[in-house]
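Have a look at my_file.pdb; it's PDB, C-alpha atoms and all ligand atoms:
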ATOM      1  CA  MET A 761     -53.816  29.745-106.378  1.00  0.00           C
ATOM      2  CA  ILE A 762     -52.195  27.797-103.592  1.00  0.00           C
ATOM      3  CA  ILE A 763     -49.643  25.028-103.364  1.00  0.00           C
ATOM      4  CA  LYS A 764     -51.470  22.035-101.920  1.00  0.00           C
ATOM      5  CA  GLN A 765     -50.087  19.347 -99.688  1.00  0.00           C
ATOM      6  CA  ILE A 766     -49.363  16.153-101.637  1.00  0.00           C
ATOM      7  CA  ALA A 767     -50.801  12.928-100.199  1.00  0.00           C
ATOM      8  CA  GLN A 768     -48.050  10.403 -99.528  1.00  0.00           C
ATOM      9  CA  LEU A 769     -48.308   6.638 -99.939  1.00  0.00           C
ATOM     10  CA  GLY A 770     -50.289   5.310 -96.997  1.00  0.00           C
ATOM     11  CA  GLN A 771     -52.955   7.995 -97.202  1.00  0.00           C
ATOM     12  CA  PRO A 772     -56.258   6.193 -97.935  1.00  0.00           C
ATOM     13  CA  VAL A 773     -57.254   8.817-100.540  1.00  0.00           C
ATOM     14  CA  LEU A 774     -54.600   7.369-102.876  1.00  0.00           C
ATOM     15  CA  ARG A 775     -56.433   4.029-102.809  1.00  0.00           C
ATOM     16  CA  GLU A 776     -59.930   5.310-103.531  1.00  0.00           C
ATOM     17  CA  VAL A 777     -61.641   5.066-106.898  1.00  0.00           C
ATOM     18  CA  ALA A 778     -62.232   8.690-107.832  1.00  0.00           C
ATOM     19  CA  ARG A 779     -65.737   9.924-108.598  1.00  0.00           C
ATOM     20  CA  LYS A 780     -66.714  11.729-111.779  1.00  0.00           C
ATOM     21  CA  VAL A 781     -66.664  15.503-111.993  1.00  0.00           C
ATOM     22  CA  ASP A 782     -70.243  16.737-112.500  1.00  0.00           C
ATOM     23  CA  ASP A 783     -69.396  20.070-114.133  1.00  0.00           C
ATOM     24  CA  PRO A 784     -65.877  20.678-115.463  1.00  0.00           C
ATOM     25  CA  ARG A 785     -66.561  24.419-115.610  1.00  0.00           C
ATOM     26  CA  ALA A 786     -67.685  24.771-111.992  1.00  0.00           C
ATOM     27  CA  PRO A 787     -65.591  27.430-110.186  1.00  0.00           C
ATOM     28  CA  VAL A 788     -64.541  24.923-107.543  1.00  0.00           C
ATOM     29  CA  ILE A 789     -63.123  22.641-110.267  1.00  0.00           C
ATOM     30  CA  GLN A 790     -61.395  25.528-112.048  1.00  0.00           C
ATOM     31  CA  ALA A 791     -59.797  26.572-108.761  1.00  0.00           C
ATOM     32  CA  LEU A 792     -58.713  22.987-108.086  1.00  0.00           C
ATOM     33  CA  ILE A 793     -57.089  22.763-111.535  1.00  0.00           C
ATOM     34  CA  ASP A 794     -55.197  26.025-110.894  1.00  0.00           C
ATOM     35  CA  ASP A 795     -53.999  24.744-107.519  1.00  0.00           C
ATOM     36  CA  MET A 796     -52.926  21.426-109.064  1.00  0.00           C
ATOM     37  CA  LEU A 797     -50.977  23.245-111.796  1.00  0.00           C
ATOM     38  CA  MET A 798     -49.156  25.294-109.190  1.00  0.00           C
ATOM     39  CA  THR A 799     -48.543  22.293-106.918  1.00  0.00           C
ATOM     40  CA  MET A 800     -47.193  20.230-109.832  1.00  0.00           C
ATOM     41  CA  ALA A 801     -44.881  23.025-110.977  1.00  0.00           C
ATOM     42  CA  ASP A 802     -43.613  23.591-107.447  1.00  0.00           C
ATOM     43  CA  ALA A 803     -42.810  19.870-107.100  1.00  0.00           C
ATOM     44  CA  ASP A 804     -41.243  19.757-110.596  1.00  0.00           C
ATOM     45  CA  GLY A 805     -43.673  17.027-111.686  1.00  0.00           C
ATOM     46  CA  VAL A 806     -44.795  15.994-115.180  1.00  0.00           C
ATOM     47  CA  GLY A 807     -48.275  15.097-114.000  1.00  0.00           C
ATOM     48  CA  ILE A 808     -50.546  15.196-110.971  1.00  0.00           C
ATOM     49  CA  ALA A 809     -53.896  13.638-110.183  1.00  0.00           C
ATOM     50  CA  ALA A 810     -56.617  15.131-107.981  1.00  0.00           C
ATOM     51  CA  PRO A 811     -56.429  12.320-105.366  1.00  0.00           C
ATOM     52  CA  GLN A 812     -52.803  13.364-104.789  1.00  0.00           C
ATOM     53  CA  VAL A 813     -54.101  16.657-103.398  1.00  0.00           C
ATOM     54  CA  TYR A 814     -56.774  14.898-101.315  1.00  0.00           C
ATOM     55  CA  GLU A 815     -59.593  15.356-103.839  1.00  0.00           C
ATOM     56  CA  PRO A 816     -60.884  11.939-104.997  1.00  0.00           C
ATOM     57  CA  LEU A 817     -62.133  13.274-108.326  1.00  0.00           C
ATOM     58  CA  SER A 818     -61.631  11.969-111.860  1.00  0.00           C
ATOM     59  CA  LEU A 819     -59.258  14.715-112.905  1.00  0.00           C
ATOM     60  CA  PHE A 820     -55.547  14.954-113.606  1.00  0.00           C
ATOM     61  CA  ILE A 821     -52.920  17.009-115.385  1.00  0.00           C
ATOM     62  CA  VAL A 822     -50.428  15.691-117.926  1.00  0.00           C
ATOM     63  CA  ALA A 823     -47.396  17.843-118.681  1.00  0.00           C
ATOM     64  CA  SER A 824     -44.876  15.883-120.740  1.00  0.00           C
ATOM     65  CA  ARG A 825     -41.549  17.559-121.319  1.00  0.00           C
ATOM     66  CA  PRO A 826     -38.081  16.383-122.280  1.00  0.00           C
ATOM     67  CA  GLY A 827     -35.849  15.069-119.512  1.00  0.00           C
ATOM     68  CA  PRO A 828     -32.566  13.159-119.194  1.00  0.00           C
ATOM     69  CA  ARG A 829     -34.242   9.769-119.672  1.00  0.00           C
ATOM     70  CA  TYR A 830     -36.637  10.983-122.345  1.00  0.00           C
ATOM     71  CA  PRO A 831     -34.722  13.631-124.286  1.00  0.00           C
ATOM     72  CA  TYR A 832     -37.134  13.237-127.198  1.00  0.00           C
ATOM     73  CA  ALA A 833     -40.311  13.432-125.120  1.00  0.00           C
ATOM     74  CA  SER A 834     -42.692  15.792-126.801  1.00  0.00           C
ATOM     75  CA  GLN A 835     -43.127  19.180-125.233  1.00  0.00           C
ATOM     76  CA  MET A 836     -46.746  19.319-124.150  1.00  0.00           C
ATOM     77  CA  GLY A 837     -48.172  22.221-122.226  1.00  0.00           C
ATOM     78  CA  PRO A 838     -49.842  21.209-118.968  1.00  0.00           C
ATOM     79  CA  THR A 839     -53.232  19.797-119.925  1.00  0.00           C
ATOM     80  CA  ALA A 840     -56.079  19.235-117.484  1.00  0.00           C
ATOM     81  CA  MET A 841     -58.061  16.089-118.281  1.00  0.00           C
ATOM     82  CA  ILE A 842     -61.467  15.633-116.669  1.00  0.00           C
ATOM     83  CA  ASN A 843     -63.426  12.354-116.518  1.00  0.00           C
ATOM     84  CA  PRO A 844     -60.849  10.685-118.793  1.00  0.00           C
ATOM     85  CA  GLU A 845     -61.456   7.367-120.531  1.00  0.00           C
ATOM     86  CA  ILE A 846     -59.110   5.009-122.362  1.00  0.00           C
ATOM     87  CA  LEU A 847     -60.594   4.101-125.765  1.00  0.00           C
ATOM     88  CA  TRP A 848     -57.939   1.675-126.975  1.00  0.00           C
ATOM     89  CA  VAL A 849     -54.411   0.587-126.184  1.00  0.00           C
ATOM     90  CA  SER A 850     -51.591  -0.852-128.274  1.00  0.00           C
ATOM     91  CA  ASP A 851     -50.728  -4.516-127.763  1.00  0.00           C
ATOM     92  CA  ASP A 852     -47.082  -3.670-127.304  1.00  0.00           C
ATOM     93  CA  THR A 853     -45.810  -2.467-123.982  1.00  0.00           C
ATOM     94  CA  VAL A 854     -42.482  -1.045-122.924  1.00  0.00           C
ATOM     95  CA  LYS A 855     -40.822  -0.696-119.545  1.00  0.00           C
ATOM     96  CA  GLY A 856     -39.752   2.787-118.533  1.00  0.00           C
ATOM     97  CA  TRP A 857     -38.707   4.611-115.394  1.00  0.00           C
ATOM     98  CA  GLU A 858     -41.336   6.323-113.308  1.00  0.00           C
ATOM     99  CA  GLY A 859     -41.439   8.195-110.078  1.00  0.00           C
ATOM    100  CA  CYS A 860     -44.355   9.674-108.197  1.00  0.00           C
ATOM    101  CA  LEU A 861     -44.824  12.805-106.104  1.00  0.00           C
ATOM    102  CA  SER A 862     -46.696  10.616-103.602  1.00  0.00           C
ATOM    103  CA  ILE A 863     -43.835   8.095-103.326  1.00  0.00           C
ATOM    104  CA  PRO A 864     -40.698  10.196-102.847  1.00  0.00           C
ATOM    105  CA  GLY A 865     -37.272   8.606-103.041  1.00  0.00           C
ATOM    106  CA  LEU A 866     -38.183   5.677-105.297  1.00  0.00           C
ATOM    107  CA  ARG A 867     -38.058   5.030-109.026  1.00  0.00           C
ATOM    108  CA  GLY A 868     -39.394   1.947-110.756  1.00  0.00           C
ATOM    109  CA  LEU A 869     -39.366   0.332-114.172  1.00  0.00           C
ATOM    110  CA  VAL A 870     -43.018   0.132-115.138  1.00  0.00           C
ATOM    111  CA  PRO A 871     -44.486  -1.636-118.179  1.00  0.00           C
ATOM    112  CA  ARG A 872     -46.960   0.568-120.071  1.00  0.00           C
ATOM    113  CA  HIS A 873     -48.735   0.459-123.422  1.00  0.00           C
ATOM    114  CA  THR A 874     -46.663   2.376-125.939  1.00  0.00           C
ATOM    115  CA  ARG A 875     -49.703   4.011-127.536  1.00  0.00           C
ATOM    116  CA  LEU A 876     -53.286   4.647-126.585  1.00  0.00           C
ATOM    117  CA  GLY A 877     -56.367   6.595-127.549  1.00  0.00           C
ATOM    118  CA  VAL A 878     -58.185   8.606-124.928  1.00  0.00           C
ATOM    119  CA  ARG A 879     -61.188  10.825-124.414  1.00  0.00           C
ATOM    120  CA  TYR A 880     -61.586  13.483-121.769  1.00  0.00           C
ATOM    121  CA  PHE A 881     -63.209  16.821-121.074  1.00  0.00           C
ATOM    122  CA  ASP A 882     -60.892  19.806-121.087  1.00  0.00           C
ATOM    123  CA  ARG A 883     -61.229  22.622-118.567  1.00  0.00           C
ATOM    124  CA  GLN A 884     -63.556  24.499-120.923  1.00  0.00           C
ATOM    125  CA  GLY A 885     -65.893  21.502-120.770  1.00  0.00           C
ATOM    126  CA  GLU A 886     -65.211  20.450-124.368  1.00  0.00           C
ATOM    127  CA  VAL A 887     -64.867  16.750-125.132  1.00  0.00           C
ATOM    128  CA  ARG A 888     -61.512  15.841-126.697  1.00  0.00           C
ATOM    129  CA  GLU A 889     -60.179  12.680-128.283  1.00  0.00           C
ATOM    130  CA  GLU A 890     -56.412  12.290-128.556  1.00  0.00           C
ATOM    131  CA  GLU A 891     -53.764   9.699-129.265  1.00  0.00           C
ATOM    132  CA  TYR A 892     -50.581   9.561-127.218  1.00  0.00           C
ATOM    133  CA  ALA A 893     -47.368   7.629-127.706  1.00  0.00           C
ATOM    134  CA  ASP A 894     -44.240   7.014-125.670  1.00  0.00           C
ATOM    135  CA  PHE A 895     -43.666   9.411-122.759  1.00  0.00           C
ATOM    136  CA  PRO A 896     -46.999  11.286-122.832  1.00  0.00           C
ATOM    137  CA  ALA A 897     -48.736   7.869-123.091  1.00  0.00           C
ATOM    138  CA  ARG A 898     -46.778   6.747-120.026  1.00  0.00           C
ATOM    139  CA  VAL A 899     -47.680   9.847-118.033  1.00  0.00           C
ATOM    140  CA  PHE A 900     -51.343   9.468-119.013  1.00  0.00           C
ATOM    141  CA  GLN A 901     -51.403   5.828-117.845  1.00  0.00           C
ATOM    142  CA  HIS A 902     -49.651   6.738-114.571  1.00  0.00           C
ATOM    143  CA  GLU A 903     -52.175   9.490-113.838  1.00  0.00           C
ATOM    144  CA  PHE A 904     -55.135   7.384-114.994  1.00  0.00           C
ATOM    145  CA  ASP A 905     -54.046   4.737-112.482  1.00  0.00           C
ATOM    146  CA  HIS A 906     -54.203   7.346-109.698  1.00  0.00           C
ATOM    147  CA  ILE A 907     -57.918   7.918-110.278  1.00  0.00           C
ATOM    148  CA  GLN A 908     -58.439   4.144-109.978  1.00  0.00           C
ATOM    149  CA  GLY A 909     -56.556   4.019-106.673  1.00  0.00           C
ATOM    150  CA  ILE A 910     -53.487   2.399-108.274  1.00  0.00           C
ATOM    151  CA  VAL A 911     -49.867   3.568-107.894  1.00  0.00           C
ATOM    152  CA  PHE A 912     -46.865   2.681-110.052  1.00  0.00           C
ATOM    153  CA  ILE A 913     -45.317   0.246-107.591  1.00  0.00           C
ATOM    154  CA  ASP A 914     -48.442  -1.923-108.051  1.00  0.00           C
ATOM    155  CA  ARG A 915     -47.457  -2.305-111.720  1.00  0.00           C
ATOM    156  CA  ILE A 916     -43.813  -3.305-111.451  1.00  0.00           C
ATOM    157  CA  GLU A 917     -42.999  -6.898-112.399  1.00  0.00           C
ATOM    158  CA  SER A 918     -40.343  -7.409-109.764  1.00  0.00           C
ATOM    159  CA  THR A 919     -39.104  -5.560-106.710  1.00  0.00           C
ATOM    160  CA  ARG A 920     -35.733  -5.706-108.492  1.00  0.00           C
ATOM    161  CA  ASP A 921     -37.172  -3.053-110.819  1.00  0.00           C
ATOM    162  CA  LEU A 922     -37.258  -0.596-107.890  1.00  0.00           C
ATOM    163  CA  VAL A 923     -34.322   1.677-107.103  1.00  0.00           C
ATOM    164  CA  THR A 924     -33.743   4.646-104.863  1.00  0.00           C
ATOM    165  CA  GLU A 925     -33.962   8.027-106.491  1.00  0.00           C
ATOM    166  CA  LYS A 926     -30.371   8.716-105.480  1.00  0.00           C
ATOM    167  CA  GLU A 927     -29.089   5.660-107.343  1.00  0.00           C
ATOM    168  CA  TYR A 928     -31.364   6.423-110.295  1.00  0.00           C
ATOM    169  CA  MET A 929     -29.919   9.929-110.557  1.00  0.00           C
ATOM    170  CA  ARG A 930     -26.382   8.572-110.248  1.00  0.00           C
ATOM    171  CA  SER A 931     -26.987   6.219-113.194  1.00  0.00           C
ATOM    172  CA  LEU A 932     -28.109   8.959-115.571  1.00  0.00           C
TER
HETATM  173 ZN    ZN B1001     -48.004   9.490-109.283  1.00  0.00          ZN
END
As a first step, turn the structure in this file into structure tokens.
Amino acid sequence: MIIKQIAQLGQPVLREVARKVDDPRAPVIQALIDDMLMTMADADGVGIAAPQVYEPLSLFIVASRPGPRYPYASQMGPTAMINPEILWVSDDTVKGWEGCLSIPGLRGLVPRHTRLGVRYFDRQGEVREEEYADFPARVFQHEFDHIQGIVFIDRIESTRDLVTEKEYMRSL
């Protein structure tokens, strides 16, 4: 396993629409997932998408865990999601703070659906259907955007909803 370089905003790979993974169980995909897990842990992230490590593939990891802003976020072991799809979303949305390993130094208030149903292949190649709410739902939507070439600052309603990470941390 290796810690990969994380693509920063401005790198074209972050703006590509990712292509589907042909075989979730292929050794090259398993190795990529292991590298992404290590890279995410090293960067203290709660999610990472393959395009962020320069691989424009429909694959990401969601790893919700409690934090200062989301003390009640469910503890969810890092889960690799391959060729994910959104099956349904709740009508209601809520704004919450997000950051991104590809956009260091900024935090933004991003509106997201509070609940959604999803389908993906796990790293064993099994199809899974799950429902997520609140923080895990937010992380899923953030990572799903990455495989469409979208980043969180595209979703904010006003530039006034952007703050520096330093000020964000000070306000906690
Ligand atoms: Zn991100």
**Item:** d(atom CA of Ala801 of chain A, atom CA of Arg825 of chain A) in Å
**Value:**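 Taking atom CA of Ala801 of chain A as the start and atom CA of Arg825 of chain A as the end point, the length is 12.2 Å.
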**Message:** How would you report the residues lying within 6 Å of ligand ZN 1001 (chain B), as an MDAnalysis selection string, if you count only C-alpha atoms and all ligand atoms?
**Reply:** chainID A and resid 860:862
Output of the above residues as a compact mmCIF listing (two decimals), keeping the file's coordinate frame, restricted to C-alpha atoms:
# COMPACT_ATOMS: atom_id res chain seq x y z
CA CYS A 860 -44.36 9.67 -108.20
CA LEU A 861 -44.82 12.80 -106.10
CA SER A 862 -46.70 10.62 -103.60
**Request:** Find the residue from A:Gly868, A:Glu886, A:Pro844, A:Ile863 that sits nearest to Ser918 of chain A; use all atoms listed in the file when measuring.
**Result:**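 Under the stated criterion, the closest residue is A:Gly868.
As for atom CA of Gln908 of chain A and atom CA of Ser818 of chain A, they are spaced 8.7 Å apart.
Minimum atom-to-atom distance to Ser850 of chain A, evaluated using all atoms listed in the file, belongs to A:Ala897 out of A:Ile762, A:Val781, A:Met798, A:Ala897.
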**Interatomic distance (Å, one decimal) between atom CA of Val813 of chain A and atom CA of Asp782 of chain A** =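 Interatomic distance, atom CA of Val813 of chain A to atom CA of Asp782 of chain A: 18.5 Å.
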**Request:** For segment 834-839 of chain A, please output as a list in words all residues within 6 Å (counting only C-alpha atoms; exclusion window: fewer than 4 positions along the same chain).
**Result:** Ile821, Val822, Ala823, Ser824 and Arg825 of chain A
Go ahead and write the selection's residues with C-alpha atoms as a PDB file, in the coordinates of the input.
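Output contents, as saved in selection_14.pdb:
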ATOM      1  CA  ILE A 821     -52.920  17.009-115.385  1.00  0.00           C
ATOM      2  CA  VAL A 822     -50.428  15.691-117.926  1.00  0.00           C
ATOM      3  CA  ALA A 823     -47.396  17.843-118.681  1.00  0.00           C
ATOM      4  CA  SER A 824     -44.876  15.883-120.740  1.00  0.00           C
ATOM      5  CA  ARG A 825     -41.549  17.559-121.319  1.00  0.00           C
TER       6      ARG A 825
END
